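Read the structure below first, then the notes.
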Amino acid sequence: MSNIQGKVVIITGASSGIGEATAKELASRGTKLVLAARREERLKTLQLEIQNNGGEAIYKVTDVTSHEQMEELAELALGTFGKVDVLVNNAGLMPNSFLHTKKIGDWNNIIDVNIKGVLYGIGAVLPSMRARKEGHIINISSVAGHSVGAGSAVYAATKFAVRAISEGLRKEEYANNIRTTIISPGMVTTELTESITDGNFKPVVEKMYEGAIDADSIARSIAFAIEQPSDVAINEMIIRPTSQER
Ligand code: NDP
């Protein structure tokens with residue numbers, strides 16, 4: 001028996017890249033989707049595509065850096081579908097730069113989205129999951145959550161934080177039958193490199209990304225984690241392009 005059909009899944013950062021690919025993959029497996037991001041046109045188009053293929057999806061324009069908006073997102077899911085089975089905390093930025101360039105605006109944004117956004121998502125869904133004694137929180141970290149490169153100090157710090165938060169969450173909530181999964185992708189072809197504001201750094205990263213894999217690869221791993229029987233928790237996965245060394 002599949003343990004994925006009919007599940008209610010919230011995906012943040014669903015308007016492009018890994019979030020969008022995950023929405024399509026999960027829709028094809030019969031989940032009910034709650035799509036969130038800031039770009040409404042993208043969400044609307046994705047919702048229509050899913051519906052045209054016989055799937056079920058709603059969306060809400062949401063900025064993950066707003067605790068209130070994340071609460072409203074969870075309330076929409078509960079109000080519409082009666083439960084939240086899975087939260088995919090996927091929204092993220094990677095405005096890499098060297099520390100000496102002091103891109104303080106980028107530092108603040110990346111911490112707000114990549115760390116606080118994940119915490120606000122967890123905070124928004126935990127009460128109903130704890131009450132039901134069932135749920136699954138999937139946090140997207142990165143290979144940069146395992147090793148730090150020059151130019152990615154702040155991004156890596158946020159992705160190490162995502163892994164720390166996920167492990168703490170696992171220890172706090174396993175007894176409530178809430179599963180946790182950390183997904184750490186390597187290089188994946190998405191819009192992520194567009195968030196780099198350092199004109200010297202961007203071409204270097206874009207060159208590296210020529211060996212990137214499709215977002216579908218990550219979407220399939222997320223589906224794999226969800227579809228396991230409820231007593232099986234896939235706690236962590238690293239998915240790199242075969243050709244990626246670090
Ligand atoms: P994209 O840039 O394609 O997608 C990022 C998503 O995050 C977009 O949907 C964007 O939507 C959303 N987002 C950004 N800021 C906010 C915000 N404040 N509120 C709500 N949504 C927001 O990149 P990816 O698909 O690659 O990124 C998804 C995740 O995967 C990130 O956490 C990233 O760090 C991680 N990752 C990606 C890797 C890669 O190589 N691509 C490697 C390792 C990890 P909108 O702008 O509409 O709000």
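The chains in the structure tokens are called A, B, ... from first to last as shown; in each chain the residues are counted from 1, and the ligands are counted from 1 in the order shown.
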
- Check which residues fall inside 8 Å of ligand 1 when counting only C-alpha atoms and all ligand atoms, and print them as JSON, numbers by chain. {"A": [12, 13, 14, 15, 16, 17, 18, 19, 20, 36, 37, 38, 39, 40, 42, 43, 61, 62, 63, 64, 65, 89, 90, 91, 92, 93, 94, 112, 113, 114, 117, 140, 141, 142, 143, 144, 155, 159, 184, 185, 186, 187, 188, 189, 190, 191, 192, 193, 194, 195, 209, 212, 215]}

Just write the chosen residues, C-alpha atoms, as a tab-separated table (two decimals), in the first residue's frame.
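Output (selection.tsv):
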chain	number	residue	atom	x	y	z
A	12	THR	CA	7.21	26.48	0.39
A	13	GLY	CA	9.17	27.92	-2.52
A	14	ALA	CA	6.81	26.14	-4.92
A	15	SER	CA	7.07	28.81	-7.63
A	16	SER	CA	10.28	27.46	-9.20
A	17	GLY	CA	13.06	24.88	-9.12
A	18	ILE	CA	12.93	22.07	-6.58
A	19	GLY	CA	9.64	23.21	-5.04
A	20	GLU	CA	7.86	23.33	-8.39
A	36	ALA	CA	3.40	28.77	-1.21
A	37	ALA	CA	5.83	31.42	-2.51
A	38	ARG	CA	5.78	35.17	-3.22
A	39	ARG	CA	5.26	35.14	-7.02
A	40	GLU	CA	1.52	34.67	-7.50
A	42	ARG	CA	3.91	31.31	-11.02
A	43	LEU	CA	1.77	29.68	-8.34
A	61	VAL	CA	1.05	33.98	-1.64
A	62	THR	CA	3.36	33.66	1.35
A	63	ASP	CA	6.60	35.23	2.48
A	64	VAL	CA	8.30	32.66	4.70
A	65	THR	CA	10.06	35.42	6.64
A	89	ASN	CA	10.36	23.58	4.02
A	90	ASN	CA	12.03	24.29	0.69
A	91	ALA	CA	12.10	28.09	0.13
A	92	GLY	CA	15.69	29.31	0.10
A	93	LEU	CA	18.24	31.79	-1.22
A	94	MET	CA	21.94	31.42	-2.03
A	112	ASP	CA	15.69	35.30	7.45
A	113	VAL	CA	14.61	33.00	4.62
A	114	ASN	CA	16.81	29.92	5.13
A	117	GLY	CA	11.52	30.61	7.37
A	140	ILE	CA	15.84	21.18	2.48
A	141	SER	CA	19.45	21.65	3.54
A	142	SER	CA	22.35	21.25	1.06
A	143	VAL	CA	25.74	19.69	0.51
A	144	ALA	CA	26.72	23.10	1.92
A	155	TYR	CA	24.80	30.08	3.07
A	159	LYS	CA	22.20	25.00	5.86
A	184	SER	CA	20.75	17.79	1.06
A	185	PRO	CA	21.01	18.38	-2.67
A	186	GLY	CA	24.23	18.98	-4.56
A	187	MET	CA	24.10	21.13	-7.69
A	188	VAL	CA	20.61	21.25	-9.19
A	189	THR	CA	19.51	23.32	-12.19
A	190	THR	CA	17.10	25.92	-10.80
A	191	GLU	CA	16.90	29.70	-10.41
A	192	LEU	CA	18.99	29.58	-7.21
A	193	THR	CA	22.14	31.14	-8.66
A	194	GLU	CA	20.08	34.18	-9.71
A	195	SER	CA	20.03	35.28	-6.05
A	209	TYR	CA	26.53	24.58	-12.20
A	212	ALA	CA	23.99	20.24	-12.30
A	215	ALA	CA	15.15	19.27	-9.94

Go through stretch 15-97 of chain A and flag each residue having an atom no more than 8 Å from stretch 196-206 of chain A; for those, report the closest pair of atoms plus their distance in Å to one decimal, using only C-alpha atoms, ordered by chain and rising number, as a tab-separated table.
residue	atom	partner	partner_atom	distance
A:Met94	CA	A:Ile196	CA	6.4
A:Pro95	CA	A:Ile196	CA	3.9
A:Asn96	CA	A:Ile196	CA	5.7
A:Ser97	CA	A:Asp198	CA	6.1

- Task: Report the residues of stretch 14-224 of chain A whose backbone DSSP state falls under helix (DSSP H, G or I), written as an MDAnalysis selection string.
- Result: chainID A and resid 17:28 40:52 67:81 99:101 104:132 143:145 153:176 192:195 201:211 215:224

As a short mmCIF file (atom, residue, chain, number, x, y, z; two decimals) with N, CA and C atoms, in the first residue's frame, please: every residue in stretch 40-166 of chain A that a backbone DSSP assignment puts in strand (DSSP E).
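out30.cif, freshly written:
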data_model
loop_
_atom_site.label_atom_id
_atom_site.label_comp_id
_atom_site.auth_asym_id
_atom_site.auth_seq_id
_atom_site.Cartn_x
_atom_site.Cartn_y
_atom_site.Cartn_z
N GLU A 56 -4.87 17.89 -7.40
CA GLU A 56 -5.55 18.81 -6.49
C GLU A 56 -4.53 19.76 -5.88
N ALA A 57 -4.75 21.07 -6.04
CA ALA A 57 -3.80 22.04 -5.48
C ALA A 57 -4.48 23.37 -5.19
N ILE A 58 -4.09 23.96 -4.08
CA ILE A 58 -4.46 25.34 -3.80
C ILE A 58 -3.15 26.11 -3.58
N TYR A 59 -3.23 27.43 -3.57
CA TYR A 59 -2.00 28.18 -3.29
C TYR A 59 -2.30 29.37 -2.42
N LYS A 60 -1.24 29.88 -1.79
CA LYS A 60 -1.34 31.13 -1.03
C LYS A 60 -0.02 31.89 -1.17
N VAL A 61 -0.15 33.14 -1.58
CA VAL A 61 1.05 33.98 -1.64
C VAL A 61 1.58 34.13 -0.22
N VAL A 86 2.24 16.64 5.59
CA VAL A 86 3.66 16.89 5.29
C VAL A 86 3.89 18.38 5.06
N LEU A 87 4.98 18.88 5.62
CA LEU A 87 5.47 20.22 5.27
C LEU A 87 6.82 20.04 4.60
N VAL A 88 6.97 20.60 3.40
CA VAL A 88 8.29 20.63 2.75
C VAL A 88 8.81 22.06 2.86
N ASN A 89 9.74 22.27 3.79
CA ASN A 89 10.36 23.58 4.02
C ASN A 89 11.46 23.73 2.98
N GLY A 135 2.60 13.11 11.36
CA GLY A 135 3.07 14.20 10.51
C GLY A 135 4.48 13.95 10.02
N HIS A 136 4.90 14.80 9.11
CA HIS A 136 6.22 14.62 8.49
C HIS A 136 6.73 16.00 8.08
N ILE A 137 7.89 16.37 8.57
CA ILE A 137 8.49 17.66 8.21
C ILE A 137 9.78 17.40 7.46
N ILE A 138 9.83 17.91 6.23
CA ILE A 138 10.99 17.70 5.35
C ILE A 138 11.68 19.03 5.15
N ASN A 139 12.93 19.13 5.59
CA ASN A 139 13.67 20.38 5.48
C ASN A 139 14.77 20.25 4.43
N ILE A 140 14.82 21.23 3.53
CA ILE A 140 15.84 21.18 2.48
C ILE A 140 17.10 21.88 2.97
#

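Minimum atom-to-atom distances from A:Lys116, A:Glu41, A:Leu73, A:Met129 to A:Ala161 were compared using only C-alpha atoms, and the lowest value belongs to A:Lys116.
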